[in-house]
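Structure below is my_file-v2.cif: mmCIF, C-alpha atoms and all ligand atoms.
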data_input
#
loop_
_atom_site.group_PDB
_atom_site.id
_atom_site.type_symbol
_atom_site.label_atom_id
_atom_site.label_comp_id
_atom_site.auth_asym_id
_atom_site.auth_seq_id
_atom_site.Cartn_x
_atom_site.Cartn_y
_atom_site.Cartn_z
ATOM 1 C CA MET A 72 11.142 -21.231 -6.904
ATOM 2 C CA SER A 73 9.966 -17.663 -7.333
ATOM 3 C CA ALA A 74 12.050 -14.957 -8.937
ATOM 4 C CA GLY A 75 14.368 -12.862 -6.793
ATOM 5 C CA PRO A 76 13.917 -9.176 -5.970
ATOM 6 C CA LEU A 77 13.595 -6.770 -8.851
ATOM 7 C CA LEU A 78 15.110 -3.301 -8.405
ATOM 8 C CA LEU A 79 13.238 -0.921 -10.691
ATOM 9 C CA ASN A 80 15.530 1.094 -12.892
ATOM 10 C CA LEU A 81 13.898 4.487 -12.305
ATOM 11 C CA ILE A 82 15.561 7.870 -11.846
ATOM 12 C CA ASP A 83 14.816 9.715 -8.551
ATOM 13 C CA ALA A 84 13.361 6.549 -7.060
ATOM 14 C CA ASP A 85 14.348 3.570 -4.964
ATOM 15 C CA ILE A 86 11.750 0.861 -5.519
ATOM 16 C CA THR A 87 12.211 -2.898 -5.218
ATOM 17 C CA TYR A 88 9.629 -5.546 -6.064
ATOM 18 C CA TYR A 89 9.782 -8.888 -4.230
ATOM 19 C CA PRO A 90 7.560 -11.505 -5.854
ATOM 20 C CA GLY A 91 6.473 -14.263 -3.477
ATOM 21 C CA PHE A 92 7.536 -12.407 -0.345
ATOM 22 C CA ILE A 93 4.790 -14.390 1.370
ATOM 23 C CA ASP A 94 4.267 -17.855 -0.102
ATOM 24 C CA SER A 95 1.073 -18.346 -2.023
ATOM 25 C CA GLN A 96 -0.740 -20.609 0.434
ATOM 26 C CA LYS A 97 0.113 -18.491 3.452
ATOM 27 C CA ALA A 98 -0.934 -15.398 1.550
ATOM 28 C CA ALA A 99 -4.296 -17.003 0.727
ATOM 29 C CA VAL A 100 -4.945 -17.846 4.380
ATOM 30 C CA LEU A 101 -3.959 -14.324 5.368
ATOM 31 C CA PHE A 102 -6.278 -12.860 2.743
ATOM 32 C CA ASP A 103 -9.282 -14.790 4.097
ATOM 33 C CA TYR A 104 -8.423 -13.934 7.668
ATOM 34 C CA LEU A 105 -7.999 -10.217 6.980
ATOM 35 C CA LYS A 106 -11.087 -10.043 4.809
ATOM 36 C CA ASP A 107 -13.259 -11.537 7.554
ATOM 37 C CA THR A 108 -11.801 -9.988 10.701
ATOM 38 C CA THR A 109 -10.849 -6.446 9.673
ATOM 39 C CA PRO A 110 -13.234 -3.642 10.692
ATOM 40 C CA TRP A 111 -13.365 -2.253 7.145
ATOM 41 C CA GLN A 112 -14.635 1.281 6.743
ATOM 42 C CA GLN A 113 -15.480 3.453 3.766
ATOM 43 C CA ASP A 114 -14.681 7.091 4.378
ATOM 44 C CA ASP A 115 -15.668 10.143 2.411
ATOM 45 C CA ILE A 116 -12.832 11.996 0.739
ATOM 46 C CA LYS A 117 -12.770 15.574 -0.445
ATOM 47 C CA VAL A 118 -11.250 16.143 -3.873
ATOM 48 C CA TYR A 119 -11.162 19.729 -5.162
ATOM 49 C CA GLY A 120 -13.898 20.665 -2.691
ATOM 50 C CA LYS A 121 -16.293 17.844 -3.625
ATOM 51 C CA VAL A 122 -17.090 14.935 -1.334
ATOM 52 C CA TYR A 123 -17.007 11.341 -2.582
ATOM 53 C CA PRO A 124 -17.026 7.947 -0.904
ATOM 54 C CA GLN A 125 -13.496 6.559 -1.138
ATOM 55 C CA PRO A 126 -13.436 3.917 -3.912
ATOM 56 C CA ARG A 127 -12.194 1.128 -1.615
ATOM 57 C CA LEU A 128 -12.444 0.079 2.030
ATOM 58 C CA THR A 129 -9.688 0.808 4.535
ATOM 59 C CA ALA A 130 -8.530 0.127 8.087
ATOM 60 C CA LEU A 131 -5.635 1.462 10.122
ATOM 61 C CA TYR A 132 -3.523 -0.453 12.620
ATOM 62 C CA GLY A 133 -0.575 0.734 14.642
ATOM 63 C CA SER A 134 1.573 0.205 17.666
ATOM 64 C CA GLY A 135 0.973 3.707 19.011
ATOM 65 C CA ASP A 136 -1.976 6.063 19.140
ATOM 66 C CA LYS A 137 -0.771 8.486 16.512
ATOM 67 C CA LYS A 138 -3.464 9.853 14.256
ATOM 68 C CA TYR A 139 -2.967 9.691 10.508
ATOM 69 C CA SER A 140 -4.547 12.270 8.218
ATOM 70 C CA TYR A 141 -4.793 12.326 4.447
ATOM 71 C CA SER A 142 -7.339 13.638 1.925
ATOM 72 C CA ASN A 143 -9.179 15.268 4.865
ATOM 73 C CA ILE A 144 -9.629 11.915 6.622
ATOM 74 C CA VAL A 145 -8.335 11.456 10.138
ATOM 75 C CA MET A 146 -7.789 7.813 11.070
ATOM 76 C CA ARG A 147 -7.074 6.442 14.526
ATOM 77 C CA PRO A 148 -5.151 3.177 14.563
ATOM 78 C CA LYS A 149 -6.349 -0.024 16.198
ATOM 79 C CA PRO A 150 -3.635 -2.044 17.942
ATOM 80 C CA PHE A 151 -1.594 -4.372 15.693
ATOM 81 C CA THR A 152 -2.998 -7.894 15.577
ATOM 82 C CA GLU A 153 -0.718 -10.933 15.980
ATOM 83 C CA ASN A 154 -0.762 -11.535 12.203
ATOM 84 C CA LEU A 155 0.209 -7.988 11.362
ATOM 85 C CA GLY A 156 2.888 -8.065 14.046
ATOM 86 C CA GLU A 157 4.388 -11.185 12.446
ATOM 87 C CA ILE A 158 4.532 -9.595 8.998
ATOM 88 C CA ASN A 159 6.010 -6.513 10.589
ATOM 89 C CA SER A 160 8.843 -8.640 12.030
ATOM 90 C CA LEU A 161 9.530 -10.225 8.622
ATOM 91 C CA LEU A 162 9.651 -6.772 7.079
ATOM 92 C CA GLU A 163 11.932 -5.505 9.819
ATOM 93 C CA ASP A 164 14.426 -8.321 9.113
ATOM 94 C CA LEU A 165 14.491 -7.391 5.440
ATOM 95 C CA THR A 166 14.369 -3.601 5.617
ATOM 96 C CA ARG A 167 15.989 -2.815 8.988
ATOM 97 C CA THR A 168 13.022 -0.499 9.501
ATOM 98 C CA ARG A 169 10.643 -0.680 12.445
ATOM 99 C CA PHE A 170 7.208 0.094 11.100
ATOM 100 C CA ASN A 171 4.612 1.369 13.573
ATOM 101 C CA THR A 172 1.600 1.722 11.310
ATOM 102 C CA CYS A 173 -0.213 -0.384 8.750
ATOM 103 C CA LEU A 174 -2.900 0.927 6.409
ATOM 104 C CA LEU A 175 -5.059 -1.798 4.870
ATOM 105 C CA ASN A 176 -6.863 -1.295 1.569
ATOM 106 C CA PHE A 177 -9.622 -3.591 0.340
ATOM 107 C CA TYR A 178 -10.356 -3.411 -3.402
ATOM 108 C CA ARG A 179 -13.705 -5.187 -3.821
ATOM 109 C CA ASN A 180 -13.637 -5.283 -7.637
ATOM 110 C CA GLY A 181 -12.337 -3.382 -10.658
ATOM 111 C CA ARG A 182 -14.341 -0.280 -9.774
ATOM 112 C CA ASP A 183 -12.305 0.105 -6.606
ATOM 113 C CA SER A 184 -9.078 2.008 -7.067
ATOM 114 C CA ASN A 185 -6.509 4.329 -5.551
ATOM 115 C CA GLY A 186 -5.976 7.610 -7.432
ATOM 116 C CA TRP A 187 -2.705 9.357 -8.235
ATOM 117 C CA HIS A 188 -0.863 10.387 -5.086
ATOM 118 C CA SER A 189 2.452 10.348 -3.257
ATOM 119 C CA ASP A 190 2.737 9.088 0.274
ATOM 120 C CA ASP A 191 4.221 12.378 1.389
ATOM 121 C CA GLU A 192 2.153 13.384 4.411
ATOM 122 C CA LYS A 193 4.348 15.254 6.844
ATOM 123 C CA GLU A 194 3.828 12.622 9.575
ATOM 124 C CA LEU A 195 5.864 10.251 7.353
ATOM 125 C CA GLY A 196 8.980 12.447 7.441
ATOM 126 C CA GLN A 197 11.525 13.249 4.703
ATOM 127 C CA ASN A 198 12.276 10.014 2.844
ATOM 128 C CA PRO A 199 9.671 7.523 4.030
ATOM 129 C CA VAL A 200 10.148 3.768 3.752
ATOM 130 C CA ILE A 201 6.877 2.185 2.658
ATOM 131 C CA ALA A 202 6.422 -1.566 2.492
ATOM 132 C CA SER A 203 3.371 -2.597 0.498
ATOM 133 C CA ILE A 204 2.098 -6.173 0.492
ATOM 134 C CA SER A 205 -0.446 -7.504 -1.999
ATOM 135 C CA LEU A 206 -2.911 -10.341 -1.389
ATOM 136 C CA GLY A 207 -5.511 -11.783 -3.728
ATOM 137 C CA GLN A 208 -6.302 -10.418 -7.175
ATOM 138 C CA GLU A 209 -3.250 -8.998 -8.929
ATOM 139 C CA ARG A 210 -3.649 -5.343 -9.860
ATOM 140 C CA ILE A 211 -1.814 -2.887 -12.074
ATOM 141 C CA PHE A 212 0.332 -0.273 -10.338
ATOM 142 C CA HIS A 213 1.278 2.884 -12.223
ATOM 143 C CA LEU A 214 4.115 5.228 -11.418
ATOM 144 C CA ARG A 215 4.668 8.665 -12.954
ATOM 145 C CA HIS A 216 7.356 11.269 -12.375
ATOM 146 C CA LYS A 217 6.004 14.551 -11.021
ATOM 147 C CA LYS A 218 8.211 16.831 -13.148
ATOM 148 C CA ASP A 219 9.172 14.856 -16.233
ATOM 149 C CA LYS A 220 5.832 13.590 -17.516
ATOM 150 C CA SER A 221 7.557 11.297 -20.019
ATOM 151 C CA LEU A 222 8.782 9.104 -17.166
ATOM 152 C CA LYS A 223 6.268 6.370 -16.360
ATOM 153 C CA HIS A 224 6.314 2.791 -15.230
ATOM 154 C CA THR A 225 3.747 0.004 -14.975
ATOM 155 C CA LEU A 226 4.024 -2.951 -12.659
ATOM 156 C CA LEU A 227 1.797 -5.892 -11.816
ATOM 157 C CA LEU A 228 1.352 -6.394 -8.070
ATOM 158 C CA GLU A 229 0.971 -10.123 -7.610
ATOM 159 C CA HIS A 230 -0.495 -12.209 -4.790
ATOM 160 C CA GLY A 231 2.045 -12.475 -1.960
ATOM 161 C CA SER A 232 4.361 -9.794 -3.332
ATOM 162 C CA LEU A 233 6.081 -6.927 -1.555
ATOM 163 C CA LEU A 234 6.761 -3.531 -3.080
ATOM 164 C CA LEU A 235 9.313 -1.526 -1.127
ATOM 165 C CA MET A 236 9.516 2.204 -1.808
ATOM 166 C CA LYS A 237 12.115 4.358 -0.099
ATOM 167 C CA GLY A 238 14.640 7.190 -0.543
ATOM 168 C CA LYS A 239 13.386 10.094 -2.630
ATOM 169 C CA THR A 240 10.627 8.072 -4.312
ATOM 170 C CA GLN A 241 7.650 9.885 -2.744
ATOM 171 C CA HIS A 242 9.248 13.256 -3.409
ATOM 172 C CA TYR A 243 9.560 12.724 -7.158
ATOM 173 C CA TRP A 244 6.946 10.139 -8.068
ATOM 174 C CA GLN A 245 3.210 9.522 -7.796
ATOM 175 C CA HIS A 246 1.515 6.146 -7.943
ATOM 176 C CA GLN A 247 -1.972 4.773 -8.491
ATOM 177 C CA VAL A 248 -3.972 1.566 -8.694
ATOM 178 C CA PRO A 249 -6.296 2.270 -11.649
ATOM 179 C CA LYS A 250 -9.834 1.044 -12.119
ATOM 180 C CA THR A 251 -10.500 -1.658 -14.668
ATOM 181 C CA THR A 252 -13.684 -2.669 -16.495
ATOM 182 C CA LYS A 253 -12.589 -6.309 -16.422
ATOM 183 C CA PRO A 254 -14.540 -8.508 -14.021
ATOM 184 C CA ILE A 255 -11.904 -9.165 -11.400
ATOM 185 C CA ASP A 256 -11.650 -10.542 -7.912
ATOM 186 C CA GLU A 257 -10.953 -8.949 -4.549
ATOM 187 C CA ARG A 258 -7.574 -7.677 -3.419
ATOM 188 C CA ILE A 259 -6.178 -6.661 -0.054
ATOM 189 C CA ASN A 260 -3.160 -4.385 0.214
ATOM 190 C CA LEU A 261 -1.180 -3.699 3.384
ATOM 191 C CA THR A 262 1.092 -0.686 3.495
ATOM 192 C CA PHE A 263 3.452 -0.545 6.451
ATOM 193 C CA ARG A 264 4.711 2.909 7.315
ATOM 194 C CA VAL A 265 6.605 4.768 10.002
ATOM 195 C CA LEU A 266 4.626 7.585 11.564
ATOM 196 C CA LYS A 267 6.820 10.122 13.350
HETATM 197 O O1 LIG A 301 -3.005 -0.795 -3.140
HETATM 198 C C1 LIG A 301 -1.852 -0.479 -3.419
HETATM 199 O O2 LIG A 301 -1.060 -1.263 -3.953
HETATM 200 C C2 LIG A 301 -1.367 0.918 -3.169
HETATM 201 C C3 LIG A 301 -1.863 1.517 -1.891
HETATM 202 C C4 LIG A 301 -1.351 2.888 -1.710
HETATM 203 O O3 LIG A 301 -0.740 3.465 -2.563
HETATM 204 C C5 LIG A 301 -1.595 3.584 -0.446
HETATM 205 O O4 LIG A 301 -2.365 3.086 0.406
HETATM 206 O O5 LIG A 301 -1.029 4.654 -0.255
HETATM 207 FE FE FE A 302 0.327 5.127 -1.754
#
Just give me the structure as structure tokens.
Ligand SMILES: O=C(O)CCC(=O)C(=O)O
Ligand SMILES: [Fe+2]
Amino acid sequence: MSAGPLLLNLIDADITYYPGFIDSQKAAVLFDYLKDTTPWQQDDIKVYGKVYPQPRLTALYGSGDKKYSYSNIVMRPKPFTENLGEINSLLEDLTRTRFNTCLLNFYRNGRDSNGWHSDDEKELGQNPVIASISLGQERIFHLRHKKDKSLKHTLLLEHGSLLLMKGKTQHYWQHQVPKTTKPIDERINLTFRVLK
């Protein structure tokens, strides 16, 4: 038996961690499938006027044709696959939210990362619900409060887990997946979102 949901005790946030949201074997099959069949791309991002290749691979899926822009990248979604649709239904049962977009991140090794940000693009609306599923290598996830710099939290995102962020979380907090010099394995992350 895996542990039950863990509600993080953080001010100005509403974040719950669900270990084993997808059972380990299923999650492993899903990892292999997504790794092999996803049209991964590596975009350039612009940070303070300089252009860099994004330190991970990404892909965007959705049920509509809404464009999604962040860090000067414009992504056009491919239609949800059957697998992603199934996960979406599981998430809908749990969250009572109908997600229409899924951003996939592929972290090839410890040099791949996701820098400090909030998921606060205006297409996501006021208090976005974001459901983030982790497959493969567990990675550290950092949270920091935007105003009170003394408020921080570190979490380990395990294989098969779900991290659900909602309410005012994106307004008050940033998150990142830091690089590590340890030799580590590959990880796939799926973040389901609602694009208005
Ligand atoms: O890989 C993760 O766990 C986080 C992904 C993320 O923050 C994002 O895609 O906005
Ligand atoms: Fe994010």
Sel. within 6 Å of pt (1.9, 11.4, -10.0), counting only C-alpha atoms, output as a PDB file with C-alpha atoms, in the frame of the given file:
ATOM      1  CA  TRP A 187      -2.705   9.357  -8.235  1.00  0.00           C
ATOM      2  CA  HIS A 188      -0.863  10.387  -5.086  1.00  0.00           C
ATOM      3  CA  ARG A 215       4.668   8.665 -12.954  1.00  0.00           C
ATOM      4  CA  HIS A 216       7.356  11.269 -12.375  1.00  0.00           C
ATOM      5  CA  LYS A 217       6.004  14.551 -11.021  1.00  0.00           C
ATOM      6  CA  TRP A 244       6.946  10.139  -8.068  1.00  0.00           C
ATOM      7  CA  GLN A 245       3.210   9.522  -7.796  1.00  0.00           C
ATOM      8  CA  HIS A 246       1.515   6.146  -7.943  1.00  0.00           C
TER       9      HIS A 246
END
Region 184-207 of chain A residues near region 98-117 of chain A within 10 Å, closest pair each, using all atoms listed in the file, as a Markdown table:
| residue | atom | partner | partner_atom | distance |
| --- | --- | --- | --- | --- |
| A:Ile204 | CA | A:Ala98 | CA | 9.8 |
| A:Ser205 | CA | A:Ala98 | CA | 8.7 |
| A:Leu206 | CA | A:Phe102 | CA | 5.9 |
| A:Gly207 | CA | A:Phe102 | CA | 6.6 |
Write out the residues from the selection above, keeping C-alpha atoms, as a compact mmCIF listing (two decimals), in the coordinates of the input.
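Result went into part_27.txt, see below:
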# COMPACT_ATOMS: atom_id res chain seq x y z
CA ILE A 204 2.10 -6.17 0.49
CA SER A 205 -0.45 -7.50 -2.00
CA LEU A 206 -2.91 -10.34 -1.39
CA GLY A 207 -5.51 -11.78 -3.73
Item to check | CA of Ile86 (chain A) to CA of Leu228 (chain A), straight-line distance in Å | outcome: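 About the pair CA of Leu228 (chain A) and CA of Ile86 (chain A): they are 12.9 Å apart.
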Checklist entry - Could you spell out the hits of the PyMOL selection byres (((chain A and resi 202) around 12) and not hetatm) on the shown file, as number ranges by chain? => result A: 86-89, 92, 158-159, 161-163, 165-175, 190, 199-201, 203-205, 232-237, 260-265
Run the PyMOL selection byres (((chain A and resi 247) around 6) and not hetatm) on the file and write out the hits as a PDB file with C-alpha atoms, in the coordinates of the input.
ATOM      1  CA  ASN A 185      -6.509   4.329  -5.551  1.00  0.00           C
ATOM      2  CA  GLY A 186      -5.976   7.610  -7.432  1.00  0.00           C
ATOM      3  CA  TRP A 187      -2.705   9.357  -8.235  1.00  0.00           C
ATOM      4  CA  PHE A 212       0.332  -0.273 -10.338  1.00  0.00           C
ATOM      5  CA  HIS A 213       1.278   2.884 -12.223  1.00  0.00           C
ATOM      6  CA  HIS A 246       1.515   6.146  -7.943  1.00  0.00           C
ATOM      7  CA  VAL A 248      -3.972   1.566  -8.694  1.00  0.00           C
ATOM      8  CA  PRO A 249      -6.296   2.270 -11.649  1.00  0.00           C
TER       9      PRO A 249
END
Checklist entry - Taking into account all atoms listed in the file, which residue in the set A:Ser221, A:Thr252, A:Ser142, A:Asn198 is nearest to Gly238 (chain A)? => result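 Of A:Ser221, A:Thr252, A:Ser142, A:Asn198, the one nearest Gly238 (chain A), counting all atoms listed in the file, is A:Asn198.
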For the structure just given, write the atoms of region 244-262 of chain A, namely C-alpha atoms, as a PDB file, in the first residue's frame.
ATOM      1  CA  TRP A 244       4.777  30.842  -5.380  1.00  0.00           C
ATOM      2  CA  GLN A 245       7.398  29.860  -7.944  1.00  0.00           C
ATOM      3  CA  HIS A 246       8.681  26.357  -8.556  1.00  0.00           C
ATOM      4  CA  GLN A 247      11.633  24.702 -10.257  1.00  0.00           C
ATOM      5  CA  VAL A 248      13.187  21.342 -11.044  1.00  0.00           C
ATOM      6  CA  PRO A 249      16.898  22.020 -10.414  1.00  0.00           C
ATOM      7  CA  LYS A 250      19.841  20.502 -12.222  1.00  0.00           C
ATOM      8  CA  THR A 251      21.943  17.926 -10.435  1.00  0.00           C
ATOM      9  CA  THR A 252      25.515  16.745 -11.019  1.00  0.00           C
ATOM     10  CA  LYS A 253      24.543  13.227  -9.953  1.00  0.00           C
ATOM     11  CA  PRO A 254      24.379  10.698 -12.778  1.00  0.00           C
ATOM     12  CA  ILE A 255      20.654  10.117 -12.960  1.00  0.00           C
ATOM     13  CA  ASP A 256      18.135   8.540 -15.261  1.00  0.00           C
ATOM     14  CA  GLU A 257      15.446   9.961 -17.515  1.00  0.00           C
ATOM     15  CA  ARG A 258      12.191  11.467 -16.310  1.00  0.00           C
ATOM     16  CA  ILE A 259       8.957  12.381 -18.045  1.00  0.00           C
ATOM     17  CA  ASN A 260       6.567  14.908 -16.541  1.00  0.00           C
ATOM     18  CA  LEU A 261       3.013  15.563 -17.713  1.00  0.00           C
ATOM     19  CA  THR A 262       1.308  18.763 -16.657  1.00  0.00           C
TER      20      THR A 262
END
